[in-house]
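J.: I am attaching a structure below and will ask some questions about it afterwards.
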Amino acid sequence: MVHVLKREFIESFRSVRSALIILFLTLVAYYSSRFFQNNQVLINQFLSGENTVSIEDVYATAISFIIMAFGSLFVFSISHDIVNSETESRTIRLLVTKISRGQILLGKLLGVILFWWAVITISYIVIFAISGSWSINFYTQTLVLLFYFISFTMLISTIISKTKLSMFFGIMLGIALPVLNVAAIEIDKWYLIPAKYLLPFYYNDQLAMSFVPLIIGTAFFILSVFIIKRRDL
Amino acid sequence: MENIVQVENLKKEYSNTAVLKGINLTVNKGEVFGFVGHNGAGKSTLIHILTGIVNKTSGSFTIFDTPDNELNTVKRKMGVMPDITNLYHHMKGYNFLKYMGELTEDKRSKAGYTELLKKVGLEGAEDQKIKSYSFGMKKKISIAQALLGDPELIILDEPTSGLDPESAIYIRNLISELQKSGKTIFLTSHNLDEIERISDRVGILSNGVIKKFGTPEELKKVEEGSNIGFSVRTIPLLTTEKIEELRALYQLNIIFGEGRQTSSRLIVKSEEDIPKITKAIVDSGLSLYEVKIDEKSLEDVFMNA
């Protein structure tokens with residue numbers, strides 16, 4: 001399992017995409033926070049008065065906001081082939097002759113999580129170097145959100161066996177998920193209730209409930225293992 | 001004798017199509033077990049079930065006395081050579097073997113991997129990407145990864161198919177060497193001559209069931225009730241008319257008799273008929289130079305399975 005994790009992590013970092021993501025996150029966080037710093041009233045109005053952000057946390061808020069708005073799109077579009085690249089190329093047949101299916105999926109999940117957590121941490125380090133502030137709350141919240149998105153991506157990549165289809169579906173979902181999540185929180189309709197509780201944003205502002213996306217993400221992973229175990233590879 | 005693999009009434013269905021209809025077989029410790037069958041007979045499906053790639057529909061099997069639902073616990077003792085299309089083609093030979101070695105907890109050094117590549121006939125190919133390998137080289141690296149972790153049971157799916165004769169001989173010799181070092185080998189092949197030469201026991205799969213099972217000698221043995229063909233060379237030539245004459249005169253049980261250009265071809269019901277015929281030929285004044293009884297090949301057994 002450790003070797004699958006290591007390979008997944010190293011392979012993710014070898015590509016140009018990781019450098020581009022770090023650059024993108026850092027630049028967007030930096031310039032948007034500069035904007036919000038100069039227009040703090042605007043961001044506090046957006047956060048509806050009660051949950052105001054201190055001047056020190058504005059940079060971290062910017063990264064957290066980017067992950068909330070675009071995190072699912074980033075993760076779905078980049079890591080959509082986490083499982084089905086192996087099933088499509090049939091290299092998974094080689095892996096299952098050596099280790100269990102559960103170990104393969106766990107190794108891949110942890111490898112991709114470590115990659116995304118490393119990317120975010122590097123962005124935080126860059127922002128910290130610029131601003132001198134590091135919000136533990138926003139940082140943890142971002143890591144939890146990423147865990148949720150990655151587990152969700154793994155489930156999709158397990159269900160959809162074609163990489164092109166998972167790419168298309170991932171991008172669509174990556175765009176729809178934050179919109180649906182905000183709508184489910186803001187609009188009080190019965191048919192939006194499942195989305196309200198199954199999607200992660202609802203738990204962002206409630207410290208005591210912030211672990212819930214971790215539980216849902218773990219359930220996604222368990223479901224992925226259940227599906228892959230029943231499948232002929 | 002210790003059974004390494006034991007399969008009982010194993011069945012596999014794909015969308016209501018039965019591919020395996022109740023397989024029963026055993027593979028003994030230290031033997032080379034050859035598995036043959038027509039294309040689509042279910043050979044690869046059986047290997048895929050035994051190696052955890054495909055799930056069974058019903059039945060059971062044990063490997064190293066471990067039930068199939070605990071297969072993961074014995075994977076370290078198994079080396080599997082799957083189809084070459086399952087390789088990581090973008091990786092270099094050494095990196096690929098190292099990754100596979102890590103998964104099997106094989107602790108060998110870089111020199112050890114180079115030695116392994118040499119053993120399978122891939123010396124000097126460690127820094128080439130697998131996608132640049134020839135078909136034969138891909139087969140060889142696929143075999144090499146199956147040997148990582150020093151497995152006790154080695155499962156090879158068509159190890160020599162598509163190889164040039166020299167490489168095929170090399171791989172056959174390697175299989176024999178592995179057997180001598182105490183490994184148990186389960187292999188599938190289309191090459192019946194190869195199976196006959198290197199296998200201790202053979203299973204012939206046809207339409208999802210094992211039709212024949214035993215040593216090559218046992219399988220080739222003339223079955224009770226089956227006809228025996230042989231040719232005789234005489235001077236002067238035993239003509240078709242002469243055969244008919246002898247049959248009538250000596251009341252011989254000849255099913256088919258035909259005089260040909262240099263020898264005559266006869267088919268009889270049982271072995272006992274052959275000396276009666278040869279005596280009749282000699283008594284009729286012909287000089288008998290040769291009697292050649294058809295030897296049954298594994299191919300005949302396979303075709304009649």
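Residue numbers start at 1 in each chain; chains themselves are named A, B, ... in the order of the structure tokens; ligands are numbered from 1 in the order shown.
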Within 7 Å of chain B, which residues of chain A come that close, and what is the closest atom pair and distance in Å for each? Count only C-alpha atoms and give it as CSV.
T.:
```
residue,atom,partner,partner_atom,distance
A:His3,CA,B:Leu103,CA,6.5
A:Ser89,CA,B:Asn86,CA,6.7
A:Arg90,CA,B:Asn86,CA,5.1
A:Thr91,CA,B:Asn86,CA,4.6
A:Arg93,CA,B:Ile53,CA,5.8
A:Leu94,CA,B:Asn86,CA,6.4
A:Val96,CA,B:Ile53,CA,6.4
A:Thr97,CA,B:Thr51,CA,5.6
A:Lys98,CA,B:Lys75,CA,5.6
A:Ile99,CA,B:Asn72,CA,6.6
A:Ser100,CA,B:Asn72,CA,5.7
A:Asp232,CA,B:Val54,CA,4.4
A:Leu233,CA,B:Ile53,CA,5.5
```
J.: Can you tell me, as a PyMOL selection string, what residues are no more than 12 Å from Ile198 in chain B when counting only C-alpha atoms, ignoring any on the same chain fewer than 3 positions away?
T.: chain B and resi 31-35+169+171-180+185-189+191-195+201-202+215-216
J.: Select, from A:Ala29, A:Leu143, A:Ile216, A:Leu106, the residue with the minimum atom-to-atom distance to Thr61 in chain A, counting only C-alpha atoms.
T.: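 Closest to Thr61 in chain A of all the choices is A:Ala29.
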J.: Between A:Gly102, A:Gly170, A:Gly107, A:Gly71, single out the one closest to Ile227 in chain A, counting only C-alpha atoms.
T.: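 Ranked by minimum distance to Ile227 in chain A, first place goes to A:Gly102.
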J.: Output as a ChimeraX atom specification all residues of range 71-210 of chain B that backbone DSSP marks as strand (DSSP E or B).
T.: /B:78-81,92,129,153-157,184-188,201-206,209-210
J.: Give me the residues near Gln141 in chain A as a list in words, where near means some atom within 8 Å (using only C-alpha atoms) and where sequence neighbours in that chain fewer than 5 positions away do not count.
T.: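 Once the adjacent positions are removed, what remains is Ser64, Asn204 and Ser210 of chain A.
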J.: Excluding Trp116 in chain A and any residue of its chain fewer than 6 positions from it, enumerate the residues within 12 Å of it, using only C-alpha atoms, and give them as a ChimeraX atom specification.
T.: /A:8-10,12-13,17-19,21-22,25,67,71-72,74-76,78-79,109-110,122-123,142-150
J.: Give the alpha helix (DSSP H) residues of range 82-155 of chain A, as DSSP finds them on the backbone, and put them as a PyMOL selection string.
T.: chain A and resi 84-88+92-96+101-131+136-155
J.: Find the residues around Val7 in chain B up to 7 Å (only C-alpha atoms counted), leave out those fewer than 2 positions away in its own chain, and share them as a ChimeraX atom specification.
T.: /B:5,9-10,23-26,60-62
